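The structure under discussion appears below in the form of structure tokens.
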Amino acid sequence: MHDPHTPHQNSAPAALPWRDTRTLYGRITRLLHWAIAALMLWQFTGMVLKLALGRAPVVGFFVGSHQKVGTVLFVLIALRVIWALANRGHRPDHGAGLVGLAARLGHLALYAVMLLVPVAALLRAWGSAKPFAPFGQQIFAAQTPEIGWAVGFGELLHGEAAWLLLALIAGHVLMVCVHEGLWRDGTLSRMAGRRRLTGADRSRDFR
Ligand code: HEM
Ligand code: HEM
């Protein structure tokens, strides 16, 4: 680890790179990560309130936008998967050993389930006998008759996978707290805030 008190020619703070590097996530990944996290919070707050309070006005405030926000989330998540693949090979490494393997598997599970949740809902909407027009403009026309497998897939998986996703997110946030509070290894600063770029960042991806 570089000692922040020791002057070093490569350690001046600098603007974040757009792309990821071996030691930190760049601007695009961060924008997608935090936008998705905020919209997920909106979706889950609404659905938890719906379960707890039923048809209260505050519930309508959140749930009334559920399909719109969910559709936007699908687009952001699809972009995020493409961006992650485009940055493969020059993103922060999670290290060898069991903890590194667990981090890689945990992130893979987050990617898989966060994609499955809106895909299941959108398949159900596509196969439904009702038109799907979350923004006023029709995205999917009504099917006559409805497409049974698509509606069945969404019915079976959307809600269940969404609660599994919430559990994965809780585990993810808990692990970030462990990294920050116990191990103090600077994991959060890869995804948030400023961090002094190292020589490796500069020579590799910094532009
Ligand atoms: C990543 C985005 C999304 C998240 C996190 C999410 C989350 C949830 C959750 C937690 C529930 C409650 C399930 C239950 O009551 O057990 C739910 C229900 C619902 N969602 Fe989503 N949702 C998302 C995207 C969408 C999209 C894109 C649509 C529409 C195409 C949609 C339509 C619905 C509908 C109609 C329900 C009520 C029926 C049901 O339980 O399946 N959601 N969602
Ligand atoms: C308060 C909430 C959150 C915090 C504090 C947080 C923090 C972080 C941090 C620090 C990293 C970098 C970890 C590392 O380099 O080892 C990360 C990565 C990641 N986060 Fe979050 N996160 C939050 C919410 C979420 C949510 C809601 C999702 C998805 C639904 C999510 C999905 C991911 C994924 C998939 C990665 C791995 C990125 C990659 O390597 O491709 N996070 N998060």
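Ligands are numbered from 1 in the order shown, residues from 1 within each chain, and chains are lettered A, B, ... in the order they appear in the structure tokens.
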List all protein, DNA and RNA residues that have any atom at most 6 Å from ligand 2, counting only C-alpha atoms and all ligand atoms, and write the list as a tab-separated table (two decimals) with N, CA and C atoms, in the first residue's frame.
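Contents of the output file part23.tsv:
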chain	number	residue	atom	x	y	z
A	37	ALA	N	-28.88	1.39	-8.17
A	37	ALA	CA	-29.12	1.21	-6.73
A	37	ALA	C	-30.27	2.12	-6.26
A	40	MET	N	-33.62	0.87	-7.63
A	40	MET	CA	-33.99	-0.38	-6.94
A	40	MET	C	-34.59	-0.03	-5.57
A	84	ALA	N	-19.89	-3.90	-18.58
A	84	ALA	CA	-19.03	-4.79	-17.79
A	84	ALA	C	-18.24	-5.71	-18.73
A	92	PRO	N	-11.31	-3.75	-11.37
A	92	PRO	CA	-10.68	-4.16	-10.10
A	92	PRO	C	-10.73	-5.68	-9.90
A	94	HIS	N	-10.55	-9.08	-7.55
A	94	HIS	CA	-11.01	-9.40	-6.19
A	94	HIS	C	-10.08	-10.33	-5.45
A	107	HIS	N	-21.08	-11.19	-7.11
A	107	HIS	CA	-21.36	-10.19	-8.14
A	107	HIS	C	-22.04	-10.83	-9.35
A	110	LEU	N	-25.60	-11.30	-8.49
A	110	LEU	CA	-26.30	-10.00	-8.57
A	110	LEU	C	-26.63	-9.67	-10.02
A	111	TYR	N	-25.66	-9.83	-10.92
A	111	TYR	CA	-25.91	-9.54	-12.33
A	111	TYR	C	-27.04	-10.42	-12.87
A	114	MET	N	-30.47	-9.55	-11.14
A	114	MET	CA	-31.00	-8.22	-11.44
A	114	MET	C	-31.46	-8.11	-12.89
A	169	ILE	N	-28.84	-8.13	-2.39
A	169	ILE	CA	-28.39	-6.74	-2.18
A	169	ILE	C	-28.04	-6.52	-0.70
A	173	VAL	N	-24.43	-5.23	0.57
A	173	VAL	CA	-24.20	-4.02	1.38
A	173	VAL	C	-23.52	-4.42	2.71
A	176	VAL	N	-19.92	-4.85	2.05
A	176	VAL	CA	-19.23	-3.57	1.92
A	176	VAL	C	-18.93	-3.01	3.32
A	187	THR	N	-12.31	-0.83	-0.18
A	187	THR	CA	-13.18	-1.36	-1.24
A	187	THR	C	-14.21	-0.31	-1.72
A	188	LEU	N	-14.79	0.43	-0.78
A	188	LEU	CA	-15.83	1.40	-1.16
A	188	LEU	C	-15.26	2.48	-2.08
A	190	ARG	N	-13.36	2.21	-4.43
A	190	ARG	CA	-13.28	1.80	-5.84
A	190	ARG	C	-14.54	2.22	-6.58
A	191	MET	N	-15.65	2.33	-5.84
A	191	MET	CA	-16.94	2.58	-6.48
A	191	MET	C	-17.49	3.96	-6.10
For this session: Please extract the residues at most 7 Å from ligand 1, counting only C-alpha atoms and all ligand atoms, and provide them as a ChimeraX atom specification, using the chain letters and residue numbers of this document.
Result: /A:40,43-44,47,51,66-68,70-71,73-74,114,117-118,121-122,125,155,158-160,162-163
Exercise. Between A:Leu31, A:Leu53, A:Leu98, A:Val59, which is the closest to Leu79 of chain A once you count only C-alpha atoms?
Worked result: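 Distance minimum relative to Leu79 of chain A lands on A:Leu31.
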For this session: Return as a VMD selection string the full set of residues in segment 96-200 of chain A whose backbone-based DSSP assignment is alpha helix (DSSP H).
Result: chain A and resid 97 to 127 148 to 178 188 to 191 199 to 200
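Reported to one decimal place, the separation of atom CA of Lys130 of chain A from atom CA of Pro145 of chain A is 10.2 Å.
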For this session: For atom CA of Val119 of chain A and atom CA of Arg80 of chain A, determine how far apart the two atoms are, in Å to one decimal place.
Result: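 Calculated distance between atom CA of Val119 of chain A and atom CA of Arg80 of chain A is 14.6 Å.
If you look at atom CA of Asp93 of chain A and atom CA of Arg22 of chain A, they are 6.4 Å away from each other.
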Problem set entry | Shell around Ala129 of chain A at 8 Å using only C-alpha atoms, local window under 2 positions removed, as a ChimeraX atom specification | /A:127,131,142-146
I need the chosen residues saved as a PDB file, in the first residue's frame, with N, CA and C atoms.
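Done, and the output landed in selection.pdb:
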ATOM      1  N   GLY A 127     -46.502 -11.082 -23.265  1.00  0.00           N
ATOM      2  CA  GLY A 127     -47.413 -12.188 -23.563  1.00  0.00           C
ATOM      3  C   GLY A 127     -48.845 -11.921 -23.134  1.00  0.00           C
ATOM      4  N   PRO A 131     -52.545  -4.478 -23.544  1.00  0.00           N
ATOM      5  CA  PRO A 131     -51.384  -3.771 -24.116  1.00  0.00           C
ATOM      6  C   PRO A 131     -50.467  -3.260 -23.012  1.00  0.00           C
ATOM      7  N   ALA A 142     -51.626  -5.922 -27.290  1.00  0.00           N
ATOM      8  CA  ALA A 142     -52.322  -7.008 -26.593  1.00  0.00           C
ATOM      9  C   ALA A 142     -52.227  -8.279 -27.433  1.00  0.00           C
ATOM     10  N   GLN A 143     -52.036  -9.420 -26.785  1.00  0.00           N
ATOM     11  CA  GLN A 143     -51.983 -10.692 -27.508  1.00  0.00           C
ATOM     12  C   GLN A 143     -53.344 -11.375 -27.411  1.00  0.00           C
ATOM     13  N   THR A 144     -53.819 -11.900 -28.509  1.00  0.00           N
ATOM     14  CA  THR A 144     -55.047 -12.694 -28.433  1.00  0.00           C
ATOM     15  C   THR A 144     -54.820 -14.028 -29.148  1.00  0.00           C
ATOM     16  N   PRO A 145     -54.878 -15.154 -28.459  1.00  0.00           N
ATOM     17  CA  PRO A 145     -54.965 -15.235 -26.997  1.00  0.00           C
ATOM     18  C   PRO A 145     -53.617 -14.887 -26.366  1.00  0.00           C
ATOM     19  N   GLU A 146     -53.596 -14.794 -25.049  1.00  0.00           N
ATOM     20  CA  GLU A 146     -52.325 -14.476 -24.374  1.00  0.00           C
ATOM     21  C   GLU A 146     -51.316 -15.611 -24.581  1.00  0.00           C
TER      22      GLU A 146
END
